[in-house]
Structures are given as structure tokens and as C-alpha cells.
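For reference, the structure is listed below as C-alpha cells.
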Amino acid sequence: MARSIFNHLIATLKFTLLLAVILLCLRIGFILYLGIYKGELVGGGEFTQILQTLYNGAMYDNRIAALLGIIYFFIGLFGIKARPDFYDAKPKTPKILAFFAYFCMFVLLFVGIGDMLYFSIYGEEYNAILLGLIYDDTAAILATGLSGEYNISFKLLALGISFAICVLAYKYFITKEKKEVLKNAALKISLASLGLILVWLYFINSQFSLNAISLDREIHPVKNEFLKKITPGAWRSLYLVYKGYRLWSKSSFESFSPRTPDEAIANYFNKPDAKISDLQTLLTKTSNNPTNSPKIRHIFYIISESLGDYAFSKEYDEINLVSDLKKLANSPHGAKVDIFYESAHGTIWSLESQITGLYQTGIPLYLKAGALKTMPTAPAHNFSKAGYLTRFYYGGSGAWRNLYTFSLSQGFNEMIDDASLLSFAKTHQYPEPTSNVWGVWDNILFDYIIDHTTKSSKPTFNMIMTTSNHPPFDVPLEKYNISLTKFEQFIKDKGIKSWRAQDLGVLYWYDKQVVKFIKEMSEKIPDSIFVITGDHSNNAPMNVSFNTWHKIPFIIYAPTLKLKKLANSGVHLDIAATLLELATPKGFQYQSFGRPIFTNNPNLKYDSKREFFGFESMGTENLVFDVNGNIQYAKTAQDKSHAKEDFKHLKTRHEDSRALSWWLYNH
């Protein structure tokens, strides 16, 4: 039995490595066929980027190889337990293991070569379009794939030849096991076991650790768009398709509202005769911008990681936590909205809502990026119509949560991530380290945006997602001459246990960086607009409550404009509507669930009763509820007098806002 166990350990190790090699070869074939032969690899596809892509891709693929290797191991282990001479029969590796190995290799080849065909048709790796085989015109989709245009006969031939080579490789490298008596059995079995465990550990966790790293977060993709797209690979893409399918296949209009679509739209827009077919018409708004209003060249929509409105409370003034942003908001050309709530809690959910212009439904639209049409409410789509070049900046990896493909699907012309930012940091010799696991330091991100924007001959709309104000809060503050002494004393005096001095220091540092960026950009190009908000709030250092957890800032600064406030409450979806109102010419039409909060038009009236619908929040600037009807803010005692009736009314509209968003992306 000892010899059988040793042979099986060695066979499993070889099998795992063979699968890893097969997956690597498929990636090489993908690049050679589609990248070079089909011409997809254009611009910046130098050899070093290809090598980096192969390494990054192997990190994803090795997890599949390890998983199949573990199954292979247990099949053999059970066989040995049932029959100690399991490895003595002919062929020297048992038939059941050989059949499983052949099945695995065929599936890997089929999925990999199929991914090449899929990319040839759709220009993306497997995505939600694949679900059309179930939900759409299956015959038409199959006919497209089987057409001669995509050389399916060649791909079938390649599949057959590749499978034959893999079978031969398996027989040659794995079935040749020694049959002589095993000497030093215990030592050899221990070493073989250790080697196998280490390989599996590294393949599964992408490091020699019991904790797996998030590849979407920590891998830095290359600049080349084709190589960036294919980095996650076929199996990761299939997993995202399945994950998205499970979530959105269970949803329906009734998941969000008990009313029919026609009843919901009539209730939400307060139009008794409205029909669901009128949705896009009712979402259409028109800019009231005066004809003599200054033209806006560049727009910067800055979404600050974990920036909560609590930071603007007076109780943090003694450490000047966000003093520069406060000064900006109180300047002649700046303003801040007092009652402003997140549209979603969590970075990707918040980004999803702000990028699409939809209320958050809990359905992961970012997983459907390849099949999702551009939403008519998407800010980038509307600014593109207005003649702006649209760019999305993210300090981290574009592979994270499919953000690269998702942002482009919603109208952005460019998505710039850490691949470009790290290259910029290296070229400009920023001191190391220049990033952490979440992304490049925000000051480098802002410097890159200044450099990139000033070179643009076109007006630009820029949505920016920062990353530094996030655990582990490891920005090297000492390199920016920031002392932690006052933060340490503040924490001690207030008895704060949930925050460290370093955490407060990073937020203090971010405040300086974002305002420095705004001032430098304003000096270079004054005809710009800047918005600063948070993707969501964080757990406040003191006095944690519903509001400190869900309330975020909305600060606007426009050096050439005289801003008039139309309301003092809102949510994320109102930001894009505000910017479109301020930057587009009078009469320009756009679609939005949000409404402008600021204007250049002095004739528009202020509306203190305007209702808003956020994530687990709803209300007006006078009265705010959570989704359970609890009053979270009341301006006066009088505002509470009809709270029960007010909540009932707001609750129905809150439900309908989500239901109508669901309807829009499904229809």
C-alpha cells in the first residue's frame, strides 16, 4: 500500500502541474490566435506585457488546476483504500483516474477554445450574452457561432489535435510509475505529501499562506486593452456569468414593488395616467442653463473612498480632519448639501448606481457588463451626447468587480486604472511604496489626471474613484511630513477604540490631496466643475448612528459659476443631473432619475419639500426616515406631526424607484 500511496501522490502532483501547463498553453494560443493573427493586440502589446498577462492569468487558472487535482487525489485515495494494489493493475494508473483525467483535459480545452470563438464574435470573454442560449433566440445564436465566418471547423480540428496531445502527455508523464519495493517509504511519502500540499496551497491562495488573496483586487493588469480583457480568463468569466445568473434569474418586478408596473410609474411620477411604456419619456429632463452662462470645459466627479459626512462635524475641528474641504465648500464658488445620503452601501454597489444612474436593486449589473446595454440614465452616456470625452479613473485594478468592462459598457470612452498609474509613478520617480492592495495612492492618481486632462483638446467628463482612505490605511504619512501626535492625543482624550491615529491621519492626508488637486486644476483650467462625494460612509470614530453610517457629503466647486441651490437634500443620482444642468446648453435633454440640486438659472425656485430615496433612507430636507419608518432626522417638532402618513407615502415611492430601475435595465 505504501508504494501505491507514493505513486498516487506523485501522479496527483504531475496531473495538477499538467493541467496548469494546459491552461497556460491555452492562454498563449489565445494571444497568438486572436491577439496576433486576428490583430486584436494593437498598441502597447510589447513582449513584457504579454509575459505579465500570462503570469496574471496563471494565478486565476491555477485555482482550477488545484481544484481538479484535489478531486483526482481523493478518487485515487478511495481506490487505494478499497484495494491496496490499486496501482498494480494495467495500465499502471487505474482506468478510473485516466478517464477522469481525460474528461478534465477535454473540458479545459473545450472551454478554452470555445472562449476564442466567443471572443471572435463578441469581442469579450464569456459574459452574460452566453445566457442568450437559454433566454434568447438560441437558434440564431448557434447559427452565428456555427457560421463559416468564425472558422469553427478549424477550432474543432484544433480541439481534437490538442486533446490527443494531452492524452499522450498524460500517458507518458503520469502512467510511468515505479513498481519496485519502495525504500524509506515514510520519508518519501512525507516529502511527496509536502510538495503536493505546497503546490495546492500556492495555486489556490496565490501565495504560500492559508489566506487567499483577491486576485481581482491585487493583480495589476497591463495597459493593453486586449490583454487586460483576457486576464481573468474563461473560467473566471464563466463563474461571473453563473453568479450573476443565480441572482438576476430570481428577480422580478414584484421583488421590489407590490404594484403593477403601470401603478408604480403612476405613483412614482405622480401622474395617474402614466404607463410603463412612458418611462423613458418621464425620465427626460431639460437643461435650464441660461444662454449667457459660462461654458464648462472639464468636469471632475470625485467619488472619495469611505468619505462620510460625519467628518464635517464640529467635533473633529480640533484636529482639522477635513478643514480644506470645509474651506472649499464655504468659498464664494463652492457649496455643500446638508442632507445627502448614499444610493448604495459598499463600493461596487455605489459605483454601479452612479455609473448607470439607476437606483440600487441588489442585482449585480457589473456581472452583466458584456451584455448590458448602455442605460439612458448613465451619466457618461448623457455627457457623450453633450460632446464630452468621458473617462473613468480608478486607483485600483480594472479587473476588480469587472469594473473595466462595466464602465465602458455604460458610455465611458476610456477607463484608466493602476496599470497606467503605476507606470506614471515610476516614470515620475515617486518614492516607494506607491500603492497598497487597493490601489495607487490618491496623490499620484490626481497628478496623473492633471497631466492627462491638460493634454486633452476636447472637453472631458471625468468620474474618479479614489482608494487610499480604506483599511489597512497604510499610506506612508511620514513621507508627507504628517505627524500623528495630535491624532493620538485626540483618540486618547475621546476614548476612541475603533480608530487608530493612522486611520485619522490618512483621512486628514486625503483632504489635503483632493483640495490640492482642485486648486491646481482650477488654476490651469478655471472653466471646470468639481464635485466631491463619498462612495459610502464608514464607521465613524464617535457617536455612531444611522446618519454617520449612511450620510455622505456632496460638495461642489465651480470657479466660473454663481451657483444657486435648488434644494438642500438628495442622493447620488442627483449629482449627474446637477452637472448636466450646469454644463450643458439650455434645452439640452437628458434622462435621469435624479434632479438638479444646483443651477445657474436665478429664476428657478427652491424646493424644500423635494423627496429623495437613498439606500435604506428616504425623506426631505425636513424629515428623514430609515426603511423601517424610524425618524432619523427632523428639522422641527412640527415636521414629525404627520410622520406616519409621510412614511407610508415615501415607502411606496422608495419601492417603486427600485422597481422602475429594475424594469429599465431588463427592458
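In the C-alpha cells, chains take the letters A, B, ... in the order shown, each chain's residues start at 1, and ligands count up from 1 in the order shown.
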
Show which residues sit within 7 Å of stretch 550-566 of chain A, as a PDB file with N, CA, C and O atoms, in the first residue's frame. Count only C-alpha atoms, and ignore same-chain residues fewer than 5 positions away.
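Once written, out_37.pdb looks like this:
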ATOM      1  N   PRO A 294     -21.410  80.769 -18.435  1.00  0.00           N
ATOM      2  CA  PRO A 294     -20.066  80.365 -18.881  1.00  0.00           C
ATOM      3  C   PRO A 294     -20.028  78.893 -19.302  1.00  0.00           C
ATOM      4  O   PRO A 294     -20.639  78.038 -18.659  1.00  0.00           O
ATOM      5  N   LEU A 307     -15.712  58.281   2.420  1.00  0.00           N
ATOM      6  CA  LEU A 307     -15.817  59.637   2.959  1.00  0.00           C
ATOM      7  C   LEU A 307     -17.238  59.887   3.457  1.00  0.00           C
ATOM      8  O   LEU A 307     -18.155  60.101   2.675  1.00  0.00           O
ATOM      9  N   GLY A 308     -17.415  59.850   4.776  1.00  0.00           N
ATOM     10  CA  GLY A 308     -18.722  60.076   5.375  1.00  0.00           C
ATOM     11  C   GLY A 308     -18.912  61.523   5.788  1.00  0.00           C
ATOM     12  O   GLY A 308     -17.946  62.254   6.066  1.00  0.00           O
ATOM     13  N   ASP A 309     -20.168  61.947   5.875  1.00  0.00           N
ATOM     14  CA  ASP A 309     -20.462  63.330   6.244  1.00  0.00           C
ATOM     15  C   ASP A 309     -20.112  63.614   7.701  1.00  0.00           C
ATOM     16  O   ASP A 309     -19.926  64.767   8.083  1.00  0.00           O
ATOM     17  N   ALA A 329     -15.927  74.314   0.475  1.00  0.00           N
ATOM     18  CA  ALA A 329     -17.383  74.367   0.454  1.00  0.00           C
ATOM     19  C   ALA A 329     -17.905  75.746   0.846  1.00  0.00           C
ATOM     20  O   ALA A 329     -18.958  76.185   0.360  1.00  0.00           O
ATOM     21  N   HIS A 333     -17.331  80.293  -4.574  1.00  0.00           N
ATOM     22  CA  HIS A 333     -17.756  79.466  -5.700  1.00  0.00           C
ATOM     23  C   HIS A 333     -17.986  78.000  -5.303  1.00  0.00           C
ATOM     24  O   HIS A 333     -18.028  77.121  -6.159  1.00  0.00           O
ATOM     25  N   GLY A 334     -18.105  77.784  -4.000  1.00  0.00           N
ATOM     26  CA  GLY A 334     -18.342  76.432  -3.509  1.00  0.00           C
ATOM     27  C   GLY A 334     -19.639  76.345  -2.734  1.00  0.00           C
ATOM     28  O   GLY A 334     -20.243  77.354  -2.359  1.00  0.00           O
ATOM     29  N   ALA A 335     -20.104  75.120  -2.497  1.00  0.00           N
ATOM     30  CA  ALA A 335     -21.330  74.896  -1.724  1.00  0.00           C
ATOM     31  C   ALA A 335     -21.363  73.450  -1.260  1.00  0.00           C
ATOM     32  O   ALA A 335     -20.679  72.578  -1.816  1.00  0.00           O
ATOM     33  N   LYS A 336     -22.168  73.190  -0.239  1.00  0.00           N
ATOM     34  CA  LYS A 336     -22.333  71.842   0.294  1.00  0.00           C
ATOM     35  C   LYS A 336     -23.805  71.598   0.584  1.00  0.00           C
ATOM     36  O   LYS A 336     -24.505  72.494   1.066  1.00  0.00           O
ATOM     37  N   VAL A 337     -24.269  70.374   0.285  1.00  0.00           N
ATOM     38  CA  VAL A 337     -25.644  69.974   0.574  1.00  0.00           C
ATOM     39  C   VAL A 337     -25.671  69.369   1.968  1.00  0.00           C
ATOM     40  O   VAL A 337     -24.868  68.491   2.287  1.00  0.00           O
ATOM     41  N   PHE A 340     -27.656  64.676   2.642  1.00  0.00           N
ATOM     42  CA  PHE A 340     -27.284  63.926   1.440  1.00  0.00           C
ATOM     43  C   PHE A 340     -26.921  62.500   1.837  1.00  0.00           C
ATOM     44  O   PHE A 340     -26.111  62.291   2.746  1.00  0.00           O
ATOM     45  N   TYR A 341     -27.523  61.537   1.142  1.00  0.00           N
ATOM     46  CA  TYR A 341     -27.375  60.131   1.508  1.00  0.00           C
ATOM     47  C   TYR A 341     -26.858  59.295   0.336  1.00  0.00           C
ATOM     48  O   TYR A 341     -27.074  59.623  -0.837  1.00  0.00           O
ATOM     49  N   GLU A 342     -26.204  58.205   0.683  1.00  0.00           N
ATOM     50  CA  GLU A 342     -25.682  57.266  -0.308  1.00  0.00           C
ATOM     51  C   GLU A 342     -26.817  56.556  -1.031  1.00  0.00           C
ATOM     52  O   GLU A 342     -27.882  56.315  -0.468  1.00  0.00           O
ATOM     53  N   PRO A 526      -9.674  77.145 -15.378  1.00  0.00           N
ATOM     54  CA  PRO A 526     -10.714  77.633 -14.467  1.00  0.00           C
ATOM     55  C   PRO A 526     -12.130  77.211 -14.851  1.00  0.00           C
ATOM     56  O   PRO A 526     -12.982  77.056 -13.967  1.00  0.00           O
ATOM     57  N   ASP A 527     -12.387  77.052 -16.137  1.00  0.00           N
ATOM     58  CA  ASP A 527     -13.747  76.706 -16.572  1.00  0.00           C
ATOM     59  C   ASP A 527     -14.014  75.210 -16.365  1.00  0.00           C
ATOM     60  O   ASP A 527     -14.302  74.467 -17.300  1.00  0.00           O
ATOM     61  N   SER A 528     -13.919  74.799 -15.108  1.00  0.00           N
ATOM     62  CA  SER A 528     -14.132  73.412 -14.710  1.00  0.00           C
ATOM     63  C   SER A 528     -15.134  73.371 -13.560  1.00  0.00           C
ATOM     64  O   SER A 528     -15.373  74.376 -12.887  1.00  0.00           O
ATOM     65  N   ILE A 529     -15.724  72.203 -13.348  1.00  0.00           N
ATOM     66  CA  ILE A 529     -16.587  71.959 -12.194  1.00  0.00           C
ATOM     67  C   ILE A 529     -16.035  70.756 -11.444  1.00  0.00           C
ATOM     68  O   ILE A 529     -15.638  69.763 -12.054  1.00  0.00           O
ATOM     69  N   PHE A 530     -16.049  70.856 -10.118  1.00  0.00           N
ATOM     70  CA  PHE A 530     -15.582  69.767  -9.274  1.00  0.00           C
ATOM     71  C   PHE A 530     -16.688  69.361  -8.305  1.00  0.00           C
ATOM     72  O   PHE A 530     -17.312  70.219  -7.680  1.00  0.00           O
ATOM     73  N   VAL A 531     -16.916  68.067  -8.196  1.00  0.00           N
ATOM     74  CA  VAL A 531     -17.843  67.519  -7.209  1.00  0.00           C
ATOM     75  C   VAL A 531     -17.070  66.546  -6.339  1.00  0.00           C
ATOM     76  O   VAL A 531     -16.284  65.741  -6.849  1.00  0.00           O
ATOM     77  N   ILE A 532     -17.265  66.634  -5.043  1.00  0.00           N
ATOM     78  CA  ILE A 532     -16.651  65.684  -4.110  1.00  0.00           C
ATOM     79  C   ILE A 532     -17.756  65.007  -3.317  1.00  0.00           C
ATOM     80  O   ILE A 532     -18.578  65.678  -2.690  1.00  0.00           O
ATOM     81  N   THR A 533     -17.784  63.701  -3.351  1.00  0.00           N
ATOM     82  CA  THR A 533     -18.735  62.918  -2.562  1.00  0.00           C
ATOM     83  C   THR A 533     -18.029  61.668  -2.059  1.00  0.00           C
ATOM     84  O   THR A 533     -16.834  61.478  -2.312  1.00  0.00           O
ATOM     85  N   GLY A 534     -18.734  60.830  -1.328  1.00  0.00           N
ATOM     86  CA  GLY A 534     -18.182  59.551  -0.894  1.00  0.00           C
ATOM     87  C   GLY A 534     -18.912  58.421  -1.584  1.00  0.00           C
ATOM     88  O   GLY A 534     -20.073  58.573  -1.980  1.00  0.00           O
ATOM     89  N   HIS A 536     -19.570  55.713  -0.025  1.00  0.00           N
ATOM     90  CA  HIS A 536     -20.424  55.354   1.107  1.00  0.00           C
ATOM     91  C   HIS A 536     -19.730  55.913   2.340  1.00  0.00           C
ATOM     92  O   HIS A 536     -18.594  56.392   2.271  1.00  0.00           O
ATOM     93  N   SER A 537     -20.387  55.861   3.467  1.00  0.00           N
ATOM     94  CA  SER A 537     -19.749  56.321   4.691  1.00  0.00           C
ATOM     95  C   SER A 537     -19.007  55.162   5.343  1.00  0.00           C
ATOM     96  O   SER A 537     -19.102  54.014   4.905  1.00  0.00           O
ATOM     97  N   ILE A 597     -29.621  69.821  -8.083  1.00  0.00           N
ATOM     98  CA  ILE A 597     -29.636  70.471  -6.774  1.00  0.00           C
ATOM     99  C   ILE A 597     -29.073  71.893  -6.872  1.00  0.00           C
ATOM    100  O   ILE A 597     -29.390  72.747  -6.047  1.00  0.00           O
ATOM    101  N   PHE A 598     -28.269  72.147  -7.912  1.00  0.00           N
ATOM    102  CA  PHE A 598     -27.737  73.488  -8.157  1.00  0.00           C
ATOM    103  C   PHE A 598     -28.023  73.892  -9.594  1.00  0.00           C
ATOM    104  O   PHE A 598     -28.168  73.041 -10.474  1.00  0.00           O
ATOM    105  N   THR A 599     -28.067  75.201  -9.839  1.00  0.00           N
ATOM    106  CA  THR A 599     -28.331  75.721 -11.168  1.00  0.00           C
ATOM    107  C   THR A 599     -27.616  77.051 -11.366  1.00  0.00           C
ATOM    108  O   THR A 599     -27.185  77.696 -10.397  1.00  0.00           O
ATOM    109  N   ASN A 600     -27.497  77.469 -12.626  1.00  0.00           N
ATOM    110  CA  ASN A 600     -27.030  78.817 -12.968  1.00  0.00           C
ATOM    111  C   ASN A 600     -28.202  79.760 -13.189  1.00  0.00           C
ATOM    112  O   ASN A 600     -28.008  80.966 -13.346  1.00  0.00           O
ATOM    113  N   PRO A 602     -31.138  81.939 -12.205  1.00  0.00           N
ATOM    114  CA  PRO A 602     -31.653  82.587 -10.983  1.00  0.00           C
ATOM    115  C   PRO A 602     -33.172  82.542 -10.868  1.00  0.00           C
ATOM    116  O   PRO A 602     -33.722  82.837  -9.798  1.00  0.00           O
ATOM    117  N   LYS A 605     -36.981  77.987  -8.823  1.00  0.00           N
ATOM    118  CA  LYS A 605     -37.393  78.106  -7.428  1.00  0.00           C
ATOM    119  C   LYS A 605     -36.775  77.021  -6.553  1.00  0.00           C
ATOM    120  O   LYS A 605     -36.561  75.898  -6.976  1.00  0.00           O
ATOM    121  N   TYR A 606     -36.548  77.389  -5.306  1.00  0.00           N
ATOM    122  CA  TYR A 606     -36.065  76.465  -4.278  1.00  0.00           C
ATOM    123  C   TYR A 606     -37.216  75.555  -3.843  1.00  0.00           C
ATOM    124  O   TYR A 606     -38.364  75.989  -3.747  1.00  0.00           O
ATOM    125  N   ASP A 607     -36.901  74.267  -3.593  1.00  0.00           N
ATOM    126  CA  ASP A 607     -37.941  73.303  -3.229  1.00  0.00           C
ATOM    127  C   ASP A 607     -37.534  72.563  -1.953  1.00  0.00           C
ATOM    128  O   ASP A 607     -36.788  71.593  -2.000  1.00  0.00           O
TER     129      ASP A 607
END

Give me the residues within 9 Å of A:Phe110 as a VMD selection string, counting only C-alpha atoms and dropping any in the same chain fewer than 5 places off.
chain A and resid 105 115 156 159

With C-alpha atoms retained, export the selected residues as an mmCIF file, in the first residue's frame.
data_model
loop_
_atom_site.group_PDB
_atom_site.id
_atom_site.type_symbol
_atom_site.label_atom_id
_atom_site.label_comp_id
_atom_site.auth_asym_id
_atom_site.auth_seq_id
_atom_site.Cartn_x
_atom_site.Cartn_y
_atom_site.Cartn_z
ATOM 1 C CA MET A 105 -8.418 17.857 -20.098
ATOM 2 C CA ASP A 115 -13.667 31.162 -25.423
ATOM 3 C CA LEU A 156 -12.817 21.668 -33.826
ATOM 4 C CA LEU A 159 -9.636 20.736 -30.187
#

In stretch 362-395 of chain A, DSSP strand (DSSP E or B) residues written as an mmCIF file with N, CA and C atoms, in the first residue's frame:
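As written to disk, part-v2.cif reads:
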data_model
loop_
_atom_site.group_PDB
_atom_site.id
_atom_site.type_symbol
_atom_site.label_atom_id
_atom_site.label_comp_id
_atom_site.auth_asym_id
_atom_site.auth_seq_id
_atom_site.Cartn_x
_atom_site.Cartn_y
_atom_site.Cartn_z
ATOM 1 N N LEU A 389 -15.718 64.120 -23.949
ATOM 2 C CA LEU A 389 -14.960 62.879 -23.893
ATOM 3 C C LEU A 389 -15.086 62.354 -22.465
ATOM 4 N N THR A 390 -15.499 61.106 -22.303
ATOM 5 C CA THR A 390 -15.801 60.585 -20.973
ATOM 6 C C THR A 390 -14.731 59.603 -20.508
ATOM 7 N N ARG A 391 -14.262 59.816 -19.274
ATOM 8 C CA ARG A 391 -13.194 58.988 -18.725
ATOM 9 C C ARG A 391 -13.538 58.544 -17.309
ATOM 10 N N PHE A 392 -13.241 57.283 -17.017
ATOM 11 C CA PHE A 392 -13.412 56.769 -15.660
ATOM 12 C C PHE A 392 -12.035 56.431 -15.114
ATOM 13 N N TYR A 393 -11.714 57.004 -13.958
ATOM 14 C CA TYR A 393 -10.424 56.761 -13.305
ATOM 15 C C TYR A 393 -10.646 55.942 -12.041
ATOM 16 N N TYR A 394 -9.816 54.921 -11.868
ATOM 17 C CA TYR A 394 -9.878 54.111 -10.653
ATOM 18 C C TYR A 394 -8.466 53.826 -10.189
#

Near A:Asp474, counting only C-alpha atoms, which residues have an atom at most 9 Å away, once you skip same-chain residues fewer than 6 positions from it, shown as a list in words?
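Contacts, with the query itself left out: Asn436, Ser468, Gln502, Asp503 and Val506 of chain A.
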
Mind checking which residues fall within 10 Å of A:Lys644, counting only C-alpha atoms, ignoring those fewer than 4 positions away in the same chain, and posting them as a PyMOL selection string?
chain A and resi 629-631+640+648-649

Give me the residues near A:Asn382 as number ranges by chain, where near means some atom within 8 Å (using only C-alpha atoms) and where sequence neighbours in that chain fewer than 6 positions away do not count.
A: 376, 590-591

Print the selection's residues with all heavy atoms to a file, as a JSON list (two decimals), in the first residue's frame.
[["chain", "number", "residue", "atom", "x", "y", "z"],
["A", 376, "PRO", "N", -29.93, 54.63, -20.51],
["A", 376, "PRO", "CA", -30.18, 56.02, -20.93],
["A", 376, "PRO", "C", -29.93, 57.01, -19.80],
["A", 376, "PRO", "O", -29.74, 58.20, -20.05],
["A", 376, "PRO", "CB", -31.65, 56.01, -21.36],
["A", 376, "PRO", "CG", -32.25, 54.83, -20.66],
["A", 376, "PRO", "CD", -31.15, 53.81, -20.57],
["A", 590, "TYR", "N", -31.73, 65.19, -21.38],
["A", 590, "TYR", "CA", -31.04, 64.02, -20.85],
["A", 590, "TYR", "C", -32.04, 63.23, -20.02],
["A", 590, "TYR", "O", -33.14, 63.71, -19.70],
["A", 590, "TYR", "CB", -29.84, 64.45, -20.00],
["A", 590, "TYR", "CG", -30.21, 65.29, -18.80],
["A", 590, "TYR", "CD1", -30.43, 64.72, -17.55],
["A", 590, "TYR", "CD2", -30.35, 66.68, -18.91],
["A", 590, "TYR", "CE1", -30.77, 65.48, -16.44],
["A", 590, "TYR", "CE2", -30.69, 67.47, -17.80],
["A", 590, "TYR", "CZ", -30.90, 66.86, -16.58],
["A", 590, "TYR", "OH", -31.24, 67.62, -15.49],
["A", 591, "GLN", "N", -31.65, 62.02, -19.67],
["A", 591, "GLN", "CA", -32.53, 61.18, -18.87],
["A", 591, "GLN", "C", -31.89, 60.88, -17.52],
["A", 591, "GLN", "O", -30.70, 60.55, -17.45],
["A", 591, "GLN", "CB", -32.86, 59.87, -19.61],
["A", 591, "GLN", "CG", -33.71, 60.12, -20.84],
["A", 591, "GLN", "CD", -34.04, 58.84, -21.59],
["A", 591, "GLN", "OE1", -33.20, 57.96, -21.73],
["A", 591, "GLN", "NE2", -35.26, 58.74, -22.07]]

Tell me, as a ChimeraX atom specification, which residues lie within 10 Å of stretch 618-624 of chain A, counting only C-alpha atoms; anything in the same chain fewer than 6 positions away does not count.
/A:337-341,547,567-571,607-612,630-640,643,646-647,649-651,653-654

Need the shell around A:Asp324: protein/DNA/RNA residues with any atom at most 8 Å away, counting only C-alpha atoms. Skip same-chain ones fewer than 3 positions apart. Format as number ranges by chain?
A: 327-328, 511-512, 515

Each residue of stretch 195-291 of chain A lying at most 12 Å from stretch 188-191 of chain A should get a row with its shortest atom-to-atom pair and the distance in Å to one decimal, counting only C-alpha atoms; could you produce that, ordered by chain and increasing number, as CSV?
residue,atom,partner,partner_atom,distance
A:Gly195,CA,A:Leu191,CA,6.1
A:Leu196,CA,A:Leu191,CA,8.6
A:Ile197,CA,A:Leu191,CA,9.9
A:Leu198,CA,A:Leu191,CA,10.6

Please produce a file of the residues just selected, as a PDB file, in the first residue's frame, where the atoms kept are N, CA, C and O atoms.
ATOM      1  N   GLY A 195       5.256  18.384  -0.835  1.00  0.00           N
ATOM      2  CA  GLY A 195       5.349  19.039  -2.139  1.00  0.00           C
ATOM      3  C   GLY A 195       3.978  19.293  -2.752  1.00  0.00           C
ATOM      4  O   GLY A 195       3.709  20.375  -3.282  1.00  0.00           O
ATOM      5  N   LEU A 196       3.099  18.298  -2.652  1.00  0.00           N
ATOM      6  CA  LEU A 196       1.757  18.430  -3.217  1.00  0.00           C
ATOM      7  C   LEU A 196       0.960  19.506  -2.486  1.00  0.00           C
ATOM      8  O   LEU A 196       0.283  20.335  -3.111  1.00  0.00           O
ATOM      9  N   ILE A 197       1.061  19.500  -1.163  1.00  0.00           N
ATOM     10  CA  ILE A 197       0.323  20.494  -0.364  1.00  0.00           C
ATOM     11  C   ILE A 197       0.803  21.911  -0.673  1.00  0.00           C
ATOM     12  O   ILE A 197      -0.001  22.843  -0.807  1.00  0.00           O
ATOM     13  N   LEU A 198       2.104  22.094  -0.815  1.00  0.00           N
ATOM     14  CA  LEU A 198       2.635  23.413  -1.122  1.00  0.00           C
ATOM     15  C   LEU A 198       2.173  23.904  -2.491  1.00  0.00           C
ATOM     16  O   LEU A 198       1.847  25.089  -2.661  1.00  0.00           O
TER      17      LEU A 198
END

Restricting the calculation to only C-alpha atoms, which member of A:Ala378, A:Glu305, A:Tyr359, A:Leu130 is positioned closest to A:Trp441?
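Of A:Ala378, A:Glu305, A:Tyr359, A:Leu130, the one nearest A:Trp441 is A:Glu305, counting only C-alpha atoms.
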
Enumerate as JSON, numbers by chain all residues of stretch 269-466 of chain A assigned to alpha helix (DSSP H) by DSSP on the backbone, naming them with the chain letters and numbers the document uses.
{"A": [279, 280, 281, 282, 283, 323, 324, 325, 326, 327, 328, 329, 347, 348, 349, 350, 351, 352, 353, 354, 355, 356, 379, 380, 381, 382, 383, 384, 385, 403, 404, 405, 406, 407, 408, 409, 418, 419, 420, 421, 422, 423, 424, 425, 426, 427, 442, 443, 444, 445, 446, 447, 448, 449, 450, 451, 452, 453, 454]}

Among the residues A:Lys229, A:Lys486, A:Arg27, A:Lys479, the one that comes closest to A:Tyr126 [using only C-alpha atoms]:
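When distances to A:Tyr126 are compared using only C-alpha atoms, the smallest one comes from A:Lys229.
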
Among the residues A:Thr361, A:Thr284, A:Thr291, A:Thr12, the one that comes closest to A:Ile75 [using only C-alpha atoms]:
A:Thr12
